[in-house]
$ cat start.pdb   # PDB, C-alpha atoms, pLDDT in the B column
ATOM      1  CA  MET O   1      85.858 133.948 107.710  1.00 49.00           C
ATOM      2  CA  LYS O   2      85.725 130.706 105.700  1.00 55.00           C
ATOM      3  CA  LYS O   3      88.156 132.110 103.132  1.00 55.00           C
ATOM      4  CA  PHE O   4      90.572 133.116 105.878  1.00 49.00           C
ATOM      5  CA  VAL O   5      90.472 129.659 107.502  1.00 52.00           C
ATOM      6  CA  SER O   6      90.907 127.999 104.095  1.00 56.00           C
ATOM      7  CA  PHE O   7      93.917 130.197 103.386  1.00 50.00           C
ATOM      8  CA  ILE O   8      95.517 129.337 106.764  1.00 52.00           C
ATOM      9  CA  VAL O   9      94.944 125.596 106.263  1.00 56.00           C
ATOM     10  CA  LEU O  10      96.372 125.666 102.720  1.00 55.00           C
ATOM     11  CA  ALA O  11      99.376 127.710 103.831  1.00 49.00           C
ATOM     12  CA  ALA O  12     100.070 125.274 106.666  1.00 55.00           C
ATOM     13  CA  PHE O  13      99.745 122.306 104.323  1.00 57.00           C
ATOM     14  CA  PHE O  14     102.173 123.753 101.768  1.00 53.00           C
ATOM     15  CA  ALA O  15     104.634 124.681 104.520  1.00 50.00           C
ATOM     16  CA  LEU O  16     104.438 121.130 105.839  1.00 53.00           C
ATOM     17  CA  ALA O  17     104.829 119.634 102.364  1.00 52.00           C
ATOM     18  CA  ALA O  18     107.789 121.865 101.485  1.00 50.00           C
ATOM     19  CA  GLY O  19     109.779 120.745 104.528  1.00 52.00           C
ATOM     20  CA  CYS O  20     109.180 117.021 104.111  1.00 56.00           C
ATOM     21  CA  THR O  21     110.449 114.213 101.962  1.00 58.00           C
ATOM     22  CA  GLN O  22     108.330 112.554  99.293  1.00 59.00           C
ATOM     23  CA  TYR O  23     107.324 109.843 101.776  1.00 57.00           C
ATOM     24  CA  HIS O  24     106.226 112.346 104.422  1.00 59.00           C
ATOM     25  CA  THR O  25     104.156 114.165 101.826  1.00 66.00           C
ATOM     26  CA  GLN O  26     102.492 110.917 100.752  1.00 66.00           C
ATOM     27  CA  GLY O  27     101.748 109.989 104.376  1.00 65.00           C
ATOM     28  CA  ALA O  28     100.349 113.455 105.051  1.00 68.00           C
ATOM     29  CA  ALA O  29      98.184 113.306 101.921  1.00 70.00           C
ATOM     30  CA  VAL O  30      96.711 109.908 102.785  1.00 68.00           C
ATOM     31  CA  GLY O  31      96.171 110.909 106.425  1.00 70.00           C
ATOM     32  CA  GLY O  32      94.661 114.234 105.398  1.00 71.00           C
ATOM     33  CA  ALA O  33      92.255 112.632 102.953  1.00 72.00           C
ATOM     34  CA  ALA O  34      91.122 110.011 105.474  1.00 72.00           C
ATOM     35  CA  GLY O  35      90.871 112.560 108.292  1.00 74.00           C
ATOM     36  CA  GLY O  36      88.971 115.040 106.118  1.00 74.00           C
ATOM     37  CA  LEU O  37      86.459 112.423 105.061  1.00 72.00           C
ATOM     38  CA  ALA O  38      85.987 111.168 108.619  1.00 78.00           C
ATOM     39  CA  GLY O  39      85.659 114.706 109.990  1.00 76.00           C
ATOM     40  CA  ALA O  40      83.067 115.660 107.379  1.00 76.00           C
ATOM     41  CA  LEU O  41      81.037 112.528 108.105  1.00 77.00           C
ATOM     42  CA  LEU O  42      81.202 112.915 111.900  1.00 80.00           C
ATOM     43  CA  ASP O  43      80.269 116.618 112.086  1.00 76.00           C
ATOM     44  CA  HIS O  44      76.636 116.583 110.934  1.00 76.00           C
ATOM     45  CA  LYS O  45      75.963 120.223 111.795  1.00 82.00           C
ATOM     46  CA  ASN O  46      78.968 121.644 109.964  1.00 79.00           C
ATOM     47  CA  PRO O  47      80.668 119.038 107.737  1.00 79.00           C
ATOM     48  CA  TRP O  48      82.968 121.643 106.155  1.00 78.00           C
ATOM     49  CA  LYS O  49      84.473 122.540 109.532  1.00 79.00           C
ATOM     50  CA  GLY O  50      84.784 118.874 110.546  1.00 77.00           C
ATOM     51  CA  GLY O  51      86.449 118.068 107.242  1.00 79.00           C
ATOM     52  CA  VAL O  52      89.053 120.817 107.611  1.00 77.00           C
ATOM     53  CA  ILE O  53      89.876 119.893 111.203  1.00 78.00           C
ATOM     54  CA  GLY O  54      89.973 116.174 110.356  1.00 78.00           C
ATOM     55  CA  ALA O  55      92.192 116.793 107.334  1.00 78.00           C
ATOM     56  CA  ALA O  56      94.670 118.851 109.355  1.00 76.00           C
ATOM     57  CA  LEU O  57      94.891 116.291 112.157  1.00 77.00           C
ATOM     58  CA  GLY O  58      95.041 113.398 109.682  1.00 77.00           C
ATOM     59  CA  ALA O  59      97.871 115.041 107.718  1.00 77.00           C
ATOM     60  CA  ILE O  60      99.948 115.533 110.856  1.00 73.00           C
ATOM     61  CA  LEU O  61      99.302 111.988 112.034  1.00 72.00           C
ATOM     62  CA  GLY O  62     100.040 110.518 108.583  1.00 72.00           C
ATOM     63  CA  ALA O  63     103.372 112.340 108.296  1.00 72.00           C
ATOM     64  CA  THR O  64     104.329 111.320 111.847  1.00 71.00           C
ATOM     65  CA  ILE O  65     103.568 107.640 111.264  1.00 73.00           C
ATOM     66  CA  THR O  66     105.552 107.733 108.028  1.00 73.00           C
ATOM     67  CA  ASP O  67     108.507 109.308 109.841  1.00 74.00           C
ATOM     68  CA  ILE O  68     108.480 106.635 112.556  1.00 75.00           C
ATOM     69  CA  SER O  69     108.284 103.897 109.925  1.00 77.00           C
ATOM     70  CA  MET O  70     111.173 105.333 107.893  1.00 78.00           C
ATOM     71  CA  ARG O  71     113.455 105.856 110.877  1.00 82.00           C
ATOM     72  CA  ALA O  72     112.847 102.444 112.427  1.00 82.00           C
ATOM     73  CA  SER O  73     113.267 100.511 109.179  1.00 82.00           C
ATOM     74  CA  GLN O  74     116.500 102.368 108.365  1.00 82.00           C
ATOM     75  CA  GLU O  75     117.795 101.742 111.892  1.00 85.00           C
ATOM     76  CA  ALA O  76     116.939  98.024 111.671  1.00 85.00           C
ATOM     77  CA  ALA O  77     118.662  97.774 108.280  1.00 83.00           C
ATOM     78  CA  SER O  78     121.829  99.577 109.380  1.00 83.00           C
ATOM     79  CA  THR O  79     122.250  97.849 112.776  1.00 87.00           C
ATOM     80  CA  GLY O  80     120.972  94.400 111.810  1.00 87.00           C
ATOM     81  CA  LYS O  81     118.859  94.355 114.999  1.00 91.00           C
ATOM     82  CA  THR O  82     115.121  94.428 115.619  1.00 91.00           C
ATOM     83  CA  VAL O  83     113.700  97.878 116.392  1.00 90.00           C
ATOM     84  CA  GLN O  84     110.451  98.280 118.299  1.00 89.00           C
ATOM     85  CA  TYR O  85     108.513 101.388 119.331  1.00 86.00           C
ATOM     86  CA  LYS O  86     105.514 101.472 121.672  1.00 85.00           C
ATOM     87  CA  THR O  87     103.101 104.237 122.513  1.00 79.00           C
ATOM     88  CA  GLU O  88     103.107 105.419 126.120  1.00 82.00           C
ATOM     89  CA  ASP O  89      99.824 103.653 126.832  1.00 83.00           C
ATOM     90  CA  GLY O  90     101.056 100.455 125.119  1.00 79.00           C
ATOM     91  CA  ARG O  91      98.124 100.324 122.681  1.00 81.00           C
ATOM     92  CA  GLY O  92     100.267 100.925 119.579  1.00 81.00           C
ATOM     93  CA  VAL O  93     103.361  98.890 118.680  1.00 85.00           C
ATOM     94  CA  TYR O  94     105.661  99.262 115.651  1.00 87.00           C
ATOM     95  CA  ARG O  95     108.294  96.584 114.979  1.00 90.00           C
ATOM     96  CA  ALA O  96     110.965  96.404 112.247  1.00 91.00           C
ATOM     97  CA  GLU O  97     113.057  93.238 111.868  1.00 92.00           C
ATOM     98  CA  PRO O  98     115.952  92.881 109.396  1.00 91.00           C
ATOM     99  CA  VAL O  99     115.314  89.928 107.079  1.00 89.00           C
ATOM    100  CA  ASP O 100     117.885  89.807 104.276  1.00 86.00           C
ATOM    101  CA  PHE O 101     120.686  91.724 102.567  1.00 86.00           C
ATOM    102  CA  ASN O 102     121.410  91.672  98.834  1.00 82.00           C
ATOM    103  CA  ALA O 103     125.053  92.634  98.314  1.00 81.00           C
ATOM    104  CA  GLN O 104     124.585  93.003  94.558  1.00 81.00           C
ATOM    105  CA  THR O 105     121.947  95.745  94.890  1.00 81.00           C
ATOM    106  CA  ASN O 106     123.155  96.992  98.309  1.00 82.00           C
ATOM    107  CA  CYS O 107     119.588  96.672  99.651  1.00 86.00           C
ATOM    108  CA  HIS O 108     118.293  95.384 102.986  1.00 88.00           C
ATOM    109  CA  LYS O 109     114.877  93.805 103.464  1.00 90.00           C
ATOM    110  CA  VAL O 110     113.022  94.714 106.653  1.00 91.00           C
ATOM    111  CA  HIS O 111     109.832  93.073 107.946  1.00 93.00           C
ATOM    112  CA  GLU O 112     107.496  95.763 109.327  1.00 90.00           C
ATOM    113  CA  THR O 113     104.528  95.015 111.574  1.00 90.00           C
ATOM    114  CA  VAL O 114     102.178  97.443 113.317  1.00 85.00           C
ATOM    115  CA  TRP O 115      99.665  96.568 116.036  1.00 85.00           C
ATOM    116  CA  GLU O 116      96.872  98.696 117.463  1.00 83.00           C
ATOM    117  CA  ASP O 117      95.036  97.433 120.547  1.00 84.00           C
ATOM    118  CA  GLY O 118      96.548  93.964 120.076  1.00 87.00           C
ATOM    119  CA  LYS O 119      95.328  93.705 116.488  1.00 90.00           C
ATOM    120  CA  MET O 120      97.804  93.617 113.587  1.00 90.00           C
ATOM    121  CA  VAL O 121      97.020  96.445 111.161  1.00 84.00           C
ATOM    122  CA  LYS O 122     100.120  96.357 108.951  1.00 84.00           C
ATOM    123  CA  ASP O 123     102.422  93.528 107.870  1.00 91.00           C
ATOM    124  CA  GLN O 124     104.837  94.122 105.001  1.00 88.00           C
ATOM    125  CA  ILE O 125     108.387  93.606 103.762  1.00 90.00           C
ATOM    126  CA  LYS O 126     110.139  96.890 102.978  1.00 85.00           C
ATOM    127  CA  GLU O 127     113.329  97.269 100.959  1.00 86.00           C
ATOM    128  CA  ILE O 128     115.914  99.790 102.213  1.00 83.00           C
ATOM    129  CA  CYS O 129     118.653 100.577  99.701  1.00 81.00           C
ATOM    130  CA  GLU O 130     121.897 102.381 100.360  1.00 73.00           C
ATOM    131  CA  GLY O 131     122.955 104.468  97.415  1.00 67.00           C
ATOM    132  CA  THR O 132     126.486 105.519  96.650  1.00 64.00           C
ATOM    133  CA  LYS O 133     127.246 108.744  94.907  1.00 58.00           C
ATOM    134  CA  THR O 134     129.812 108.679  92.143  1.00 64.00           C
ATOM    135  CA  GLU O 135     131.107 111.665  90.243  1.00 68.00           C
ATOM    136  CA  PRO O 136     132.857 111.534  86.901  1.00 72.00           C
ATOM    137  CA  LYS O 137     136.555 112.384  87.040  1.00 71.00           C
ATOM    138  CA  TYR O 138     138.206 114.309  84.258  1.00 66.00           C
TER
END

$ encode --input "start.pdb" --output "C-alpha coordinates"
Amino acid sequence: MKKFVSFIVLAAFFALAAGCTQYHTQGAAVGGAAGGLAGALLDHKNPWKGGVIGAALGAILGATITDISMRASQEAASTGKTVQYKTEDGRGVYRAEPVDFNAQTNCHKVHETVWEDGKMVKDQIKEICEGTKTEPKY
(Lines of atoms letter the chains of each structure in order from A and count residues from 1; the text may use other names and numbers.)
(Lines give C-alpha, C1' and ligand atoms only; values in the text may rest on other atoms or scores of the structure.)
Protein backbone atom coordinates (compact mmCIF):
# COMPACT_ATOMS: atom_id res chain seq x y z
CA MET A 1 0.00 0.00 0.00
CA LYS A 2 2.84 2.41 0.84
CA LYS A 3 4.41 1.86 -2.58
CA PHE A 4 1.10 2.58 -4.29
CA VAL A 5 0.58 5.82 -2.34
CA SER A 6 4.18 6.87 -3.04
CA PHE A 7 3.67 6.22 -6.74
CA ILE A 8 0.45 8.30 -6.81
CA VAL A 9 2.09 11.20 -4.95
CA LEU A 10 5.15 11.18 -7.25
CA ALA A 11 2.97 10.98 -10.36
CA ALA A 12 0.87 13.92 -9.16
CA PHE A 13 3.98 15.94 -8.36
CA PHE A 14 5.53 15.36 -11.79
CA ALA A 15 2.23 16.16 -13.51
CA LEU A 16 2.04 19.39 -11.53
CA ALA A 17 5.66 20.27 -12.27
CA ALA A 18 5.32 19.54 -15.99
CA GLY A 19 2.41 21.96 -16.39
CA CYS A 20 3.97 24.85 -14.49
CA THR A 21 6.57 27.51 -15.09
CA GLN A 22 9.93 27.51 -13.35
CA TYR A 23 8.55 29.83 -10.67
CA HIS A 24 5.55 27.61 -9.96
CA THR A 25 7.85 24.62 -9.64
CA GLN A 26 10.09 26.49 -7.20
CA GLY A 27 7.08 27.59 -5.13
CA ALA A 28 5.71 24.05 -5.11
CA ALA A 29 9.09 22.63 -4.08
CA VAL A 30 9.51 25.06 -1.18
CA GLY A 31 5.90 24.58 -0.06
CA GLY A 32 6.19 20.81 -0.39
CA ALA A 33 9.39 20.67 1.64
CA ALA A 34 7.97 22.86 4.41
CA GLY A 35 4.64 21.02 4.42
CA GLY A 36 6.32 17.61 4.44
CA LEU A 37 8.52 18.54 7.37
CA ALA A 38 5.61 20.04 9.31
CA GLY A 39 3.37 17.05 8.57
CA ALA A 40 6.03 14.57 9.68
CA LEU A 41 6.61 16.48 12.92
CA LEU A 42 2.90 16.89 13.72
CA ASP A 43 1.84 13.27 13.09
CA HIS A 44 3.59 11.42 15.93
CA LYS A 45 1.87 8.09 15.30
CA ASN A 46 2.64 7.92 11.59
CA PRO A 47 5.17 10.59 10.51
CA TRP A 48 5.50 9.10 7.01
CA LYS A 49 1.79 9.61 6.32
CA GLY A 50 1.82 13.12 7.82
CA GLY A 51 4.86 14.01 5.74
CA VAL A 52 3.26 12.88 2.48
CA ILE A 53 -0.01 14.69 3.17
CA GLY A 54 1.83 17.82 4.34
CA ALA A 55 4.09 17.78 1.29
CA ALA A 56 1.15 17.49 -1.11
CA LEU A 57 -0.79 20.30 0.54
CA GLY A 58 2.33 22.46 0.86
CA ALA A 59 3.20 21.99 -2.83
CA ILE A 60 -0.27 23.07 -3.92
CA LEU A 61 -0.25 26.06 -1.59
CA GLY A 62 3.28 27.08 -2.64
CA ALA A 63 2.42 26.98 -6.35
CA THR A 64 -0.80 28.93 -5.75
CA ILE A 65 0.93 31.68 -3.77
CA THR A 66 3.59 31.94 -6.47
CA ASP A 67 0.90 32.25 -9.15
CA ILE A 68 -0.89 35.04 -7.26
CA SER A 69 2.40 36.87 -6.75
CA MET A 70 3.38 36.60 -10.43
CA ARG A 71 0.01 37.72 -11.76
CA ALA A 72 -0.37 40.68 -9.41
CA SER A 73 3.17 41.99 -9.94
CA GLN A 74 2.81 41.72 -13.73
CA GLU A 75 -0.56 43.47 -13.58
CA ALA A 76 0.86 46.28 -11.40
CA ALA A 77 3.81 46.70 -13.78
CA SER A 78 1.69 46.78 -16.94
CA THR A 79 -1.09 49.07 -15.63
CA GLY A 80 1.03 51.31 -13.41
CA LYS A 81 -1.57 50.93 -10.63
CA THR A 82 -1.50 49.26 -7.23
CA VAL A 83 -2.95 45.73 -7.16
CA GLN A 84 -4.27 44.22 -3.95
CA TYR A 85 -5.78 40.80 -3.22
CA LYS A 86 -7.46 39.75 0.03
CA THR A 87 -8.60 36.38 1.26
CA GLU A 88 -12.33 35.99 1.82
CA ASP A 89 -11.90 36.13 5.59
CA GLY A 90 -9.60 39.19 5.31
CA ARG A 91 -6.74 37.52 7.20
CA GLY A 92 -4.38 37.45 4.20
CA VAL A 93 -3.51 40.49 2.07
CA TYR A 94 -1.19 40.69 -0.95
CA ARG A 95 -0.27 44.12 -2.36
CA ALA A 96 1.87 45.03 -5.40
CA GLU A 97 2.75 48.69 -6.05
CA PRO A 98 4.65 49.90 -9.14
CA VAL A 99 7.79 51.77 -8.07
CA ASP A 100 9.99 52.57 -11.06
CA PHE A 101 10.54 51.90 -14.76
CA ASN A 102 13.94 51.63 -16.45
CA ALA A 103 13.49 52.38 -20.15
CA GLN A 104 17.01 51.18 -20.98
CA THR A 105 16.39 47.64 -19.70
CA ASN A 106 12.60 47.71 -20.26
CA CYS A 107 12.08 46.58 -16.64
CA HIS A 108 9.54 47.68 -14.03
CA LYS A 109 10.16 47.57 -10.29
CA VAL A 110 7.24 46.48 -8.12
CA HIS A 111 7.07 46.66 -4.32
CA GLU A 112 5.43 43.48 -2.97
CA THR A 113 4.07 43.16 0.56
CA VAL A 114 2.16 40.26 2.13
CA TRP A 115 0.31 40.34 5.45
CA GLU A 116 -1.13 37.45 7.43
CA ASP A 117 -3.34 38.24 10.43
CA GLY A 118 -2.19 41.87 10.38
CA LYS A 119 1.49 40.91 10.50
CA MET A 120 3.79 41.62 7.54
CA VAL A 121 5.41 38.38 6.39
CA LYS A 122 6.95 39.50 3.09
CA ASP A 123 8.36 42.83 1.91
CA GLN A 124 10.45 42.93 -1.25
CA ILE A 125 11.12 44.80 -4.49
CA LYS A 126 10.60 42.61 -7.56
CA GLU A 127 11.81 43.40 -11.07
CA ILE A 128 9.45 42.62 -13.96
CA CYS A 129 11.09 42.76 -17.38
CA GLU A 130 9.36 42.80 -20.74
CA GLY A 131 11.35 40.96 -23.35
CA THR A 132 11.13 41.54 -27.06
CA LYS A 133 11.71 38.78 -29.52
CA THR A 134 13.86 39.53 -32.52
CA GLU A 135 14.56 37.20 -35.40
CA PRO A 136 17.43 37.54 -37.83
CA LYS A 137 16.38 38.53 -41.35
CA TYR A 138 18.15 37.13 -44.36

$ atom_distance --input "start.pdb" --atom1 "CA of Gly36 in chain O" --atom2 "CA of Gly54 in chain O"
4.5 Å

$ resolve_selection --input "start.pdb" --expression "the PyMOL selection byres ((chain O and resi 53) around 12)" --output "MDAnalysis selection string"
chainID O and resid 5:6 8:9 31:43 46:52 54:60

$ write_last_selection --input "start.pdb" --atoms "C-alpha atoms" --output "JSON list (two decimals), in the coordinates of the input"
[["chain", "number", "residue", "atom", "x", "y", "z"],
["O", 5, "VAL", "CA", 90.47, 129.66, 107.50],
["O", 6, "SER", "CA", 90.91, 128.00, 104.10],
["O", 8, "ILE", "CA", 95.52, 129.34, 106.76],
["O", 9, "VAL", "CA", 94.94, 125.60, 106.26],
["O", 31, "GLY", "CA", 96.17, 110.91, 106.42],
["O", 32, "GLY", "CA", 94.66, 114.23, 105.40],
["O", 33, "ALA", "CA", 92.26, 112.63, 102.95],
["O", 34, "ALA", "CA", 91.12, 110.01, 105.47],
["O", 35, "GLY", "CA", 90.87, 112.56, 108.29],
["O", 36, "GLY", "CA", 88.97, 115.04, 106.12],
["O", 37, "LEU", "CA", 86.46, 112.42, 105.06],
["O", 38, "ALA", "CA", 85.99, 111.17, 108.62],
["O", 39, "GLY", "CA", 85.66, 114.71, 109.99],
["O", 40, "ALA", "CA", 83.07, 115.66, 107.38],
["O", 41, "LEU", "CA", 81.04, 112.53, 108.10],
["O", 42, "LEU", "CA", 81.20, 112.92, 111.90],
["O", 43, "ASP", "CA", 80.27, 116.62, 112.09],
["O", 46, "ASN", "CA", 78.97, 121.64, 109.96],
["O", 47, "PRO", "CA", 80.67, 119.04, 107.74],
["O", 48, "TRP", "CA", 82.97, 121.64, 106.16],
["O", 49, "LYS", "CA", 84.47, 122.54, 109.53],
["O", 50, "GLY", "CA", 84.78, 118.87, 110.55],
["O", 51, "GLY", "CA", 86.45, 118.07, 107.24],
["O", 52, "VAL", "CA", 89.05, 120.82, 107.61],
["O", 54, "GLY", "CA", 89.97, 116.17, 110.36],
["O", 55, "ALA", "CA", 92.19, 116.79, 107.33],
["O", 56, "ALA", "CA", 94.67, 118.85, 109.36],
["O", 57, "LEU", "CA", 94.89, 116.29, 112.16],
["O", 58, "GLY", "CA", 95.04, 113.40, 109.68],
["O", 59, "ALA", "CA", 97.87, 115.04, 107.72],
["O", 60, "ILE", "CA", 99.95, 115.53, 110.86]]

$ atom_distance --input "start.pdb" --atom1 "CA of Ala96 in chain O" --atom2 "CA of Val83 in chain O"
5.2 Å

$ residues_around --input "start.pdb" --residues "range 97-104 of chain O" --least-positions-apart "6" --cutoff "7 Å" --atoms "all atoms listed in the file" --output "list in words"
Ala76, Ala77, Gly80, Lys81, Thr82, Val83, Val110, His111 and Glu112 of chain O

$ resolve_selection --input "start.pdb" --expression "the PyMOL selection byres ((chain O and resi 70) around 12)" --output "number ranges by chain"
O: 21-24, 27, 63-69, 71-77, 83, 94-96, 110, 112, 126-128
